[in-house]
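K.L.:
See run_26.txt below, with compact mmCIF, C-alpha atoms.
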# COMPACT_ATOMS: atom_id res chain seq x y z
CA MET O 1 252.76 41.27 190.18
CA ASN O 2 250.42 41.85 187.24
CA ASN O 3 249.06 44.98 189.00
CA ASN O 4 252.62 46.34 189.43
CA HIS O 5 253.35 45.68 185.75
CA ASN O 6 250.10 47.40 184.64
CA HIS O 7 250.83 50.29 187.02
CA LYS O 8 254.28 50.74 185.39
CA ILE O 9 252.71 50.68 181.89
CA ARG O 10 250.05 53.26 182.95
CA ILE O 11 252.76 55.56 184.31
CA SER O 12 254.85 55.27 181.10
CA ARG O 13 251.91 56.03 178.73
CA ARG O 14 250.72 58.96 180.85
CA HIS O 15 254.23 60.38 180.96
CA LEU O 16 254.68 59.91 177.20
CA ARG O 17 251.46 61.90 176.64
CA ILE O 18 252.88 64.69 178.82
CA ILE O 19 256.11 64.65 176.79
CA GLN O 20 254.17 65.14 173.54
CA GLY O 21 252.71 68.34 174.97
CA LEU O 22 256.16 69.79 175.70
CA LYS O 23 257.49 72.72 173.68
CA ARG O 24 260.27 71.67 171.36
CA HIS O 25 262.96 73.73 173.04
CA LYS O 26 262.03 72.68 176.59
CA ALA O 27 264.02 69.90 178.30
CA HIS O 28 261.66 68.57 180.95
CA PRO O 29 263.12 66.57 183.91
CA LEU O 30 260.47 63.95 183.08
CA LEU O 31 262.56 62.96 180.05
CA HIS O 32 265.55 62.22 182.25
CA HIS O 33 263.35 60.33 184.74
CA LEU O 34 261.80 58.13 182.02
CA HIS O 35 265.20 57.45 180.50
CA LYS O 36 266.68 56.41 183.85
CA LYS O 37 263.73 54.54 185.39
CA HIS O 38 262.03 52.85 182.42
CA LYS O 39 265.16 52.47 180.26
CA ILE O 40 263.57 54.26 177.29
CA SER O 41 266.36 55.66 175.12
CA ARG O 42 266.67 59.45 174.81
CA LYS O 43 266.39 59.18 171.04
CA THR O 44 263.04 57.36 171.33
CA LEU O 45 261.77 59.98 173.77
CA PHE O 46 262.87 62.76 171.41
CA TYR O 47 261.19 61.02 168.45
CA ILE O 48 257.96 60.58 170.46
CA LYS O 49 258.09 64.27 171.48
CA GLU O 50 258.39 65.21 167.82
CA TYR O 51 256.27 62.59 166.02
CA GLY O 52 254.33 60.53 168.61
CA PRO O 53 250.52 60.13 168.85
CA HIS O 54 248.58 63.42 169.20
CA THR O 55 251.36 65.35 167.43
CA HIS O 56 250.91 66.80 163.99
CA VAL O 57 253.72 65.08 162.06
CA SER O 58 253.54 67.11 158.83
CA LYS O 59 253.20 70.43 160.69
CA THR O 60 256.30 69.64 162.82
CA ILE O 61 258.38 68.70 159.77
CA ILE O 62 257.27 71.76 157.76
CA ARG O 63 257.88 74.15 160.66
CA GLU O 64 261.39 72.79 161.28
CA SER O 65 262.52 72.43 157.65
CA ILE O 66 261.08 75.41 155.83
CA LYS O 67 263.59 78.06 156.93
CA ILE O 68 266.71 76.08 156.06
CA LEU O 69 265.22 74.93 152.73
CA LEU O 70 264.34 78.53 151.82
CA LEU O 71 267.83 79.70 152.76
CA ALA O 72 269.44 76.92 150.68
CA SER O 73 267.20 77.87 147.70
CA VAL O 74 268.15 81.54 147.92
CA ILE O 75 271.87 80.69 148.12
CA SER O 76 271.59 78.35 145.11
CA SER O 77 269.70 81.02 143.14
CA PHE O 78 272.51 83.52 143.74
CA GLY O 79 274.98 80.94 142.49
CA GLY O 80 272.78 80.29 139.46
CA MET O 81 272.75 84.03 138.72
CA ALA O 82 276.51 83.98 138.32
CA LEU O 83 276.20 81.22 135.71
CA GLU O 84 273.29 82.97 133.98
CA SER O 85 275.57 86.00 133.46
CA ILE O 86 277.94 83.88 131.29
CA LYS O 87 275.23 81.68 129.79
CA ALA O 88 276.23 82.08 126.14
CA ALA O 89 279.89 81.15 126.78
CA PHE O 90 278.98 78.36 129.21
CA ILE O 91 276.45 76.45 127.07
CA ALA O 92 278.76 76.66 124.05
CA ILE O 93 281.18 74.33 125.86
CA MET O 94 279.23 71.08 126.02
CA PRO O 95 281.63 69.20 128.35
CA LEU O 96 281.11 71.93 130.96
CA VAL O 97 277.32 71.60 130.69
CA ILE O 98 277.71 67.84 131.26
CA LEU O 99 280.10 68.46 134.18
CA LEU O 100 277.87 71.00 135.98
CA PRO O 101 275.61 68.54 137.87
CA VAL O 102 278.56 66.18 138.40
CA LEU O 103 280.66 68.86 140.11
CA ASN O 104 277.68 70.07 142.14
CA ASP O 105 276.93 66.59 143.51
CA MET O 106 280.59 65.70 144.05
CA ILE O 107 281.54 68.81 145.99
CA GLY O 108 278.36 68.67 148.10
CA ASP O 109 279.21 65.07 149.01
CA TYR O 110 282.78 66.00 149.98
CA GLY O 111 281.42 68.79 152.20
CA THR O 112 279.26 66.22 153.99
CA ILE O 113 282.07 63.68 154.35
CA ILE O 114 284.61 66.24 155.64
CA SER O 115 282.11 67.69 158.15
CA SER O 116 280.96 64.36 159.58
CA ARG O 117 284.47 62.86 159.77
CA PHE O 118 285.90 65.98 161.46
CA SER O 119 282.97 66.07 163.93
CA THR O 120 283.63 62.43 164.80
CA MET O 121 287.33 63.20 165.36
CA LEU O 122 286.38 66.03 167.71
CA HIS O 123 284.03 63.79 169.70
CA GLU O 124 286.67 61.05 169.88
CA GLY O 125 289.27 63.52 171.21
CA LYS O 126 291.67 62.97 168.30
CA ILE O 127 292.15 66.70 167.68
CA ASN O 128 294.89 68.51 169.63
CA SER O 129 296.10 72.12 169.50
CA HIS O 130 298.45 71.57 166.52
CA ILE O 131 295.77 71.09 163.88
CA PHE O 132 297.89 71.09 160.74
CA SER O 133 300.50 68.69 162.08
CA ASN O 134 297.78 66.29 163.28
CA LYS O 135 298.27 62.92 161.55
CA GLU O 136 294.54 62.16 161.31
CA ILE O 137 293.69 65.53 159.73
CA ARG O 138 296.49 65.17 157.18
CA LYS O 139 295.35 61.64 156.30
CA LEU O 140 291.73 62.80 155.89
CA PHE O 141 292.80 65.69 153.66
CA ALA O 142 295.02 63.43 151.56
CA GLU O 143 292.24 60.81 151.16
CA ILE O 144 289.58 63.33 150.17
CA PHE O 145 291.93 65.22 147.84
CA LEU O 146 293.05 62.03 146.10
CA VAL O 147 289.48 60.74 145.64
CA ALA O 148 288.40 64.21 144.45
CA MET O 149 291.16 64.46 141.83
CA THR O 150 290.57 60.89 140.62
CA THR O 151 286.80 61.30 140.25
CA THR O 152 287.28 64.71 138.60
CA PHE O 153 289.63 63.15 136.05
CA LEU O 154 287.18 60.30 135.33
CA SER O 155 284.27 62.79 135.02
CA CYS O 156 286.21 64.99 132.58
CA VAL O 157 287.16 62.00 130.43
CA ALA O 158 283.52 60.81 130.43
CA SER O 159 282.18 64.29 129.53
CA LEU O 160 284.66 64.64 126.64
CA ILE O 161 283.76 61.18 125.31
CA ILE O 162 280.02 61.97 125.52
CA SER O 163 280.52 65.27 123.66
CA ALA O 164 283.04 63.77 121.20
CA LYS O 165 280.80 64.25 118.14
CA HIS O 166 281.09 68.03 118.59
CA ALA O 167 284.84 67.76 117.87
CA PHE O 168 286.51 70.07 120.38
CA SER O 169 290.16 70.99 119.90
CA TRP O 170 292.70 69.53 122.28
CA ILE O 171 293.26 73.04 123.71
CA THR O 172 289.55 73.29 124.61
CA SER O 173 289.72 69.82 126.16
CA LEU O 174 292.76 70.86 128.23
CA LYS O 175 290.93 73.99 129.36
CA VAL O 176 287.97 71.86 130.51
CA PHE O 177 290.36 69.68 132.54
CA LEU O 178 292.02 72.80 134.00
CA ILE O 179 288.68 74.36 135.02
CA ALA O 180 287.39 71.15 136.62
CA PHE O 181 290.62 70.40 138.54
CA ALA O 182 291.02 74.00 139.71
CA ASP O 183 287.36 74.19 140.80
CA VAL O 184 287.53 70.97 142.83
CA ALA O 185 290.98 71.71 144.34
CA ILE O 186 289.95 75.20 145.50
CA LEU O 187 286.63 74.04 146.93
CA VAL O 188 287.95 70.95 148.74
CA SER O 189 290.65 73.10 150.40
CA LEU O 190 288.10 75.79 151.28
CA LEU O 191 285.66 73.24 152.74
CA PHE O 192 288.46 71.80 154.87
CA MET O 193 289.36 75.22 156.27
CA VAL O 194 285.72 76.03 156.99
CA ALA O 195 285.07 72.63 158.63
CA ILE O 196 288.14 72.96 160.88
CA ILE O 197 287.55 76.59 161.92
CA ALA O 198 283.77 76.29 162.38
CA GLY O 199 284.02 72.81 163.93
CA LEU O 200 286.55 73.91 166.57
CA TYR O 201 284.53 77.05 167.34
CA LEU O 202 281.27 75.13 167.75
CA TYR O 203 282.92 72.39 169.83
CA LYS O 204 284.43 74.97 172.20
CA LYS O 205 280.94 76.48 172.61
CA LYS O 206 279.72 73.00 173.68
CA GLU O 207 277.56 72.63 170.52
CA ASP O 208 277.47 69.43 168.49
CA PRO O 209 279.29 70.28 165.23
CA ASN O 210 277.24 67.58 163.42
CA ASN O 211 274.13 69.77 163.56
CA PHE O 212 275.70 72.81 161.93
CA LEU O 213 278.71 71.82 159.86
CA ILE O 214 276.88 69.86 157.17
CA PRO O 215 274.39 72.65 156.25
CA ILE O 216 277.23 75.23 156.35
CA THR O 217 279.62 73.22 154.15
CA THR O 218 276.96 72.10 151.64
CA SER O 219 275.77 75.71 151.19
CA ILE O 220 279.35 76.88 150.66
CA ALA O 221 279.93 73.97 148.28
CA ASP O 222 276.87 74.78 146.13
CA PHE O 223 277.32 78.54 146.05
CA GLY O 224 281.10 78.38 145.79
CA ASN O 225 280.98 75.89 142.92
CA MET O 226 278.87 78.24 140.75
CA ILE O 227 280.94 81.33 141.53
CA ILE O 228 284.32 79.66 141.02
CA LEU O 229 283.12 77.94 137.84
CA THR O 230 281.94 81.32 136.48
CA LEU O 231 285.25 83.01 137.32
CA LEU O 232 287.28 80.17 135.80
CA VAL O 233 285.23 80.20 132.56
CA ILE O 234 285.77 83.98 132.27
CA LEU O 235 289.52 83.59 132.95
CA VAL O 236 290.20 80.55 130.81
CA PHE O 237 287.81 81.09 127.90
CA MET F 238 300.58 56.56 155.96
CA VAL F 239 298.27 54.05 154.28
CA PHE F 240 295.95 55.78 151.79
CA PHE F 241 294.15 52.95 150.02
CA ASP F 242 292.41 51.65 153.14
CA ARG F 243 288.74 50.78 153.69
CA ASN F 244 287.76 54.45 154.12
CA PHE F 245 289.27 55.40 150.79
CA LYS F 246 287.49 52.54 148.98
CA GLU F 247 284.10 53.38 150.56
CA ILE F 248 284.36 57.07 149.64
CA PHE F 249 285.58 56.24 146.14
CA ILE F 250 282.78 53.75 145.41
CA SER F 251 280.04 56.06 146.71
CA GLN F 252 281.46 58.89 144.57
CA LEU F 253 281.45 56.67 141.47
CA VAL F 254 277.72 56.11 142.04
CA SER F 255 277.19 59.83 142.53
CA ILE F 256 279.09 60.91 139.41
CA THR F 257 277.26 58.32 137.27
CA GLY F 258 273.96 59.97 138.18
CA GLY F 259 275.48 63.40 137.53
CA LEU F 260 276.78 62.36 134.11
CA ILE F 261 273.33 61.06 133.09
CA VAL F 262 271.76 64.38 134.14
CA GLY F 263 274.52 66.37 132.44
CA THR F 264 274.05 64.42 129.20
CA ILE F 265 270.30 65.14 129.26
CA LEU F 266 271.01 68.85 129.85
CA ALA F 267 273.54 68.94 127.02
CA SER F 268 271.18 67.08 124.62
CA TYR F 269 268.27 69.43 125.28
CA THR F 270 270.16 72.71 125.69
CA ASP F 271 267.73 74.56 123.41
CA LYS F 272 264.72 73.30 125.37
CA LEU F 273 266.18 73.73 128.85
CA LEU F 274 269.12 76.05 129.24
CA LEU F 275 268.14 78.71 126.69
CA ILE F 276 264.97 79.46 128.66
CA PRO F 277 265.45 82.80 130.50
CA GLY F 278 266.22 82.18 134.15
CA MET F 279 266.67 78.41 133.81
CA LEU F 280 270.30 78.49 134.97
CA ILE F 281 269.16 80.46 138.06
CA LEU F 282 266.44 77.90 138.75
CA LEU F 283 268.27 74.67 137.94
CA PRO F 284 270.88 74.37 140.77
CA GLY F 285 268.28 75.18 143.45
CA PHE F 286 265.72 72.79 141.95
CA LEU F 287 268.19 69.88 141.83
CA GLU F 288 269.42 70.60 145.37
CA MET F 289 265.86 70.87 146.74
CA ARG F 290 265.05 67.38 145.48
CA GLY F 291 268.07 65.91 147.30
CA ASN F 292 267.34 67.86 150.50
CA ILE F 293 263.68 66.85 150.74
CA SER F 294 264.10 63.18 149.75
CA GLY F 295 267.28 62.82 151.81
CA SER F 296 265.58 64.20 154.92
CA LEU F 297 262.57 61.93 154.30
CA ALA F 298 264.81 58.86 154.06
CA SER F 299 266.72 59.93 157.18
CA ARG F 300 263.56 60.46 159.28
CA LEU F 301 262.14 57.12 158.17
CA SER F 302 265.46 55.40 158.99
CA SER F 303 265.44 56.91 162.49
CA GLY F 304 261.85 55.76 163.01
CA LEU F 305 262.70 52.26 161.77
CA PHE F 306 265.71 51.89 164.06
CA LEU F 307 263.76 53.23 167.04
CA LYS F 308 260.95 50.74 166.20
CA VAL F 309 258.44 53.56 165.99
CA ILE F 310 257.81 52.72 162.32
CA ASN F 311 256.86 49.20 161.24
CA PRO F 312 258.81 48.29 158.04
CA ARG F 313 255.89 46.19 156.78
CA ARG F 314 253.23 48.87 157.33
CA VAL F 315 253.40 51.73 154.83
CA ASN F 316 249.98 53.13 155.75
CA SER F 317 251.09 54.47 159.16
CA ARG F 318 250.47 57.94 160.60
CA ILE F 319 254.15 58.90 160.65
CA ILE F 320 254.75 57.89 157.03
CA LYS F 321 251.57 59.67 155.87
CA GLY F 322 252.64 62.81 157.75
CA ASN F 323 256.10 62.66 156.15
CA VAL F 324 254.59 62.28 152.66
CA LEU F 325 252.27 65.27 153.17
CA ALA F 326 255.08 67.42 154.53
CA SER F 327 257.48 66.47 151.69
CA LEU F 328 254.82 67.23 149.07
CA PHE F 329 254.00 70.62 150.61
CA LEU F 330 257.66 71.58 151.01
CA ALA F 331 258.49 70.61 147.42
CA ILE F 332 255.61 72.66 145.97
CA PHE F 333 256.30 75.68 148.19
CA ILE F 334 260.06 75.72 147.61
CA SER F 335 259.58 75.18 143.84
CA PHE F 336 257.21 78.16 143.78
CA MET F 337 259.76 80.31 145.65
CA LEU F 338 262.52 79.21 143.27
CA GLY F 339 260.32 80.20 140.34
CA ILE F 340 259.66 83.62 141.89
CA LEU F 341 263.39 84.18 142.53
CA ALA F 342 264.28 83.15 138.95
CA CYS F 343 261.62 85.47 137.49
CA VAL F 344 262.65 88.44 139.67
CA PHE F 345 266.41 88.02 139.13
CA THR F 346 265.96 87.56 135.37
CA TYR F 347 263.89 90.77 135.20
CA ILE F 348 266.32 92.78 137.34
CA PHE F 349 269.57 91.65 135.68
CA SER F 350 268.56 90.73 132.10
CA HIS F 351 265.43 92.94 131.74
CA VAL F 352 263.56 89.92 130.46
CA TYR F 353 260.09 89.32 131.88
CA TYR F 354 259.20 85.62 131.66
CA PRO F 355 256.48 84.74 134.22
CA LYS F 356 256.10 81.16 132.89
CA ILE F 357 259.33 80.37 134.78
CA ILE F 358 257.25 80.46 138.01
CA LEU F 359 254.90 77.74 136.80
CA VAL F 360 257.62 75.47 135.41
CA PRO F 361 259.25 74.38 138.69
CA VAL F 362 255.90 74.00 140.49
CA ILE F 363 254.50 71.53 137.94
CA ALA F 364 257.90 69.83 137.57
CA GLY F 365 258.17 69.59 141.37
CA ILE F 366 254.77 67.87 141.61
CA ILE F 367 255.69 65.37 138.86
CA ALA F 368 259.14 64.68 140.38
CA ASN F 369 257.59 64.17 143.83
CA MET F 370 255.04 61.69 142.50
CA ILE F 371 258.00 59.55 141.41
CA GLU F 372 260.58 60.30 144.06
CA ILE F 373 258.55 60.05 147.30
CA PRO F 374 257.20 56.50 146.71
CA LEU F 375 260.67 55.47 145.49
CA THR F 376 262.33 56.82 148.64
CA ILE F 377 259.80 55.18 150.98
CA PHE F 378 259.94 51.86 149.14
CA PHE F 379 263.74 51.61 149.08
CA THR F 380 264.21 52.84 152.67
CA LEU F 381 261.85 50.16 153.97
CA PHE F 382 263.25 47.58 151.54
CA PHE F 383 266.90 48.10 152.56
CA PHE F 384 265.93 48.07 156.24
CA ARG F 385 264.00 44.77 155.85
CA LYS F 386 267.05 43.27 154.11
CA GLY F 387 269.23 44.14 157.12
CA HIS F 388 271.09 47.14 155.65
CA ASP F 389 271.42 50.59 157.21
CA PRO F 390 269.41 52.89 154.89
CA ASN F 391 271.45 55.87 156.17
CA ASN F 392 274.53 54.55 154.33
CA ILE F 393 272.78 53.85 151.05
CA MET F 394 269.94 56.33 150.59
CA GLY F 395 272.12 59.49 150.49
CA PRO F 396 273.84 58.93 147.12
CA PHE F 397 270.76 57.02 145.89
CA VAL F 398 268.25 59.85 146.41
CA THR F 399 270.74 62.45 145.14
CA SER F 400 271.30 60.59 141.87
CA THR F 401 267.68 59.51 141.26
CA GLY F 402 266.44 62.92 142.40
CA ASP F 403 268.63 64.71 139.85
CA VAL F 404 267.44 62.46 137.01
CA THR F 405 263.73 62.73 137.91
CA SER F 406 264.04 66.52 138.37
CA VAL F 407 265.60 67.13 134.96
CA LEU F 408 263.19 64.76 133.19
CA SER F 409 260.25 66.47 134.92
CA LEU F 410 261.50 69.90 133.84
CA LEU F 411 261.83 68.66 130.26
CA LEU F 412 258.33 67.19 130.30
CA VAL F 413 256.83 70.44 131.60
CA LEU F 414 258.70 72.50 128.99
CA PHE F 415 257.42 70.22 126.23
CA ILE F 416 253.86 70.62 127.54
CA ILE F 417 254.06 74.38 128.10
Just dump the structure as structure tokens.
P.N.:
Amino acid sequence: MNNNHNHKIRISRRHLRIIQGLKRHKAHPLLHHLHKKHKISRKTLFYIKEYGPHTHVSKTIIRESIKILLLASVISSFGGMALESIKAAFIAIMPLVILLPVLNDMIGDYGTIISSRFSTMLHEGKINSHIFSNKEIRKLFAEIFLVAMTTTFLSCVASLIISAKHAFSWITSLKVFLIAFADVAILVSLLFMVAIIAGLYLYKKKEDPNNFLIPITTSIADFGNMIILTLLVILVF
Amino acid sequence: MVFFDRNFKEIFISQLVSITGGLIVGTILASYTDKLLLIPGMLILLPGFLEMRGNISGSLASRLSSGLFLKVINPRRVNSRIIKGNVLASLFLAIFISFMLGILACVFTYIFSHVYYPKIILVPVIAGIIANMIEIPLTIFFTLFFFRKGHDPNNIMGPFVTSTGDVTSVLSLLLVLFII
């Protein structure tokens, strides 16, 4: 009995070493065999393939992350360029300077939440052909929109209190509120449209929307925030 | 339709945490406008630099969480091969991406404002190294800590690394600008 147990362990370790030598994109039948016979979860097998003994952990991470990080940096730089073009007007309005990182973080978070919740709905089969009359979609939109407007209001109040010693007129304060609300409302609506259209397209192509929607929506959120903020500052001020 | 359900409360509370971090960063930016934002190309560099911090630390926390749940990483053993590999990769990525951000800021500033300011390449690299020295140990410590306490780090580390990453990034940039 001990020999059988040792034999099973020897088979598992040998097979795990073979898995580590597999190319990333290859799905070897050995993975399915190990999952079925030795009850090793697919996630563990994937993790071992990527980061197990005899793999180069840092090289794997760098190779897989560098392209998307570079792309995100380039997109953010383009967004930053738009702000740089109105630098003098922008930094003169202190509440907007305070709100810049707040809006960036907030809208990025909403992109992530919308993408992951919509992906889950797709996987659970809650999405039918009539998207905009779907009760779950309308509830999600209403929730996100309400939270977004509430947190935008609180952020604007906080930024005006922090910059109170610079004594802005009530018209300037109203314009700050208008810019922040308009920016968030436009972007939340845009992120919803993108998540629905891209999510449905990817799901129909038998791809997991979770893998693509979050990078897409966070890039749109970051870039879009800068561009829309720039346009609103030009229009309003 | 019930709006103020558990989902609403969870999203709202996590956003309050996120905006608190953003307000702290925004206040620092507003207080040191002459040191930070008046530098040529800084507004081109800043969004990418803040986002990079969140991307790298967030991915680090997520990989460590996966390893912890799959029992491939021991939560009481920091000196493991996987954690060391993650640290090396995060450090390299931060330095490389910071360098690229500096190059982009310098090039775009020259093309569109006709201002040549090569120091903007060095600023994010040094600031990235300083921010990493703080952020990487913090991320590893809190991911392992929350896991040992029975929490799911995936639910907590996202807003946490975004907020702390923004604060450490801006403070690092300020420190470098004071030095240079």
K.L.:
Would you give me, as a PyMOL selection string, the residues of chain O that come within 7 Å of chain F, using all atoms listed in the file?
P.N.:
chain O and resi 44+51+57-58+61-62+70+73+76-77+80-81+83-84+94+97-102+105-106+143+147
K.L.:
Just the residues within 12 Å of Ile228 of chain O, please, counting all atoms listed in the file, with nothing from its chain fewer than 6 positions along; format it as an mmCIF file with C-alpha atoms, keeping the file's coordinate frame.
P.N.:
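Saved as result_33.cif:
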data_model
loop_
_atom_site.group_PDB
_atom_site.id
_atom_site.type_symbol
_atom_site.label_atom_id
_atom_site.label_comp_id
_atom_site.auth_asym_id
_atom_site.auth_seq_id
_atom_site.Cartn_x
_atom_site.Cartn_y
_atom_site.Cartn_z
ATOM 1 C CA GLY O 79 274.980 80.940 142.490
ATOM 2 C CA GLY O 80 272.780 80.290 139.460
ATOM 3 C CA ALA O 82 276.510 83.980 138.320
ATOM 4 C CA LEU O 83 276.200 81.220 135.710
ATOM 5 C CA LEU O 100 277.870 71.000 135.980
ATOM 6 C CA LEU O 103 280.660 68.860 140.110
ATOM 7 C CA ASN O 104 277.680 70.070 142.140
ATOM 8 C CA ILE O 179 288.680 74.360 135.020
ATOM 9 C CA ALA O 180 287.390 71.150 136.620
ATOM 10 C CA PHE O 181 290.620 70.400 138.540
ATOM 11 C CA ALA O 182 291.020 74.000 139.710
ATOM 12 C CA ASP O 183 287.360 74.190 140.800
ATOM 13 C CA VAL O 184 287.530 70.970 142.830
ATOM 14 C CA ALA O 185 290.980 71.710 144.340
ATOM 15 C CA ILE O 186 289.950 75.200 145.500
ATOM 16 C CA LEU O 187 286.630 74.040 146.930
ATOM 17 C CA LEU O 190 288.100 75.790 151.280
ATOM 18 C CA ILE O 220 279.350 76.880 150.660
ATOM 19 C CA ALA O 221 279.930 73.970 148.280
ATOM 20 C CA ASP O 222 276.870 74.780 146.130
ATOM 21 C CA ILE O 234 285.770 83.980 132.270
ATOM 22 C CA LEU O 235 289.520 83.590 132.950
ATOM 23 C CA VAL O 236 290.200 80.550 130.810
#
K.L.:
Using atom CA of Ile367 of chain F and atom CA of Ser409 of chain F as the two end points, give the distance in Å to one decimal.
P.N.:
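Atom CA of Ser409 of chain F lies 6.1 Å from atom CA of Ile367 of chain F.
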K.L.:
Just to confirm, what's the straight-line distance from atom CA of Asn392 of chain F to atom CA of Phe141 of chain O in Å (one decimal)?
P.N.:
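According to the coordinates, atom CA of Asn392 of chain F and atom CA of Phe141 of chain O are separated by 21.4 Å.
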K.L.:
So what do you get for atom CA of Ala364 of chain F versus atom CA of Leu229 of chain O, distance-wise?
P.N.:
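We find that atom CA of Ala364 of chain F and atom CA of Leu229 of chain O lie 26.5 Å from each other.
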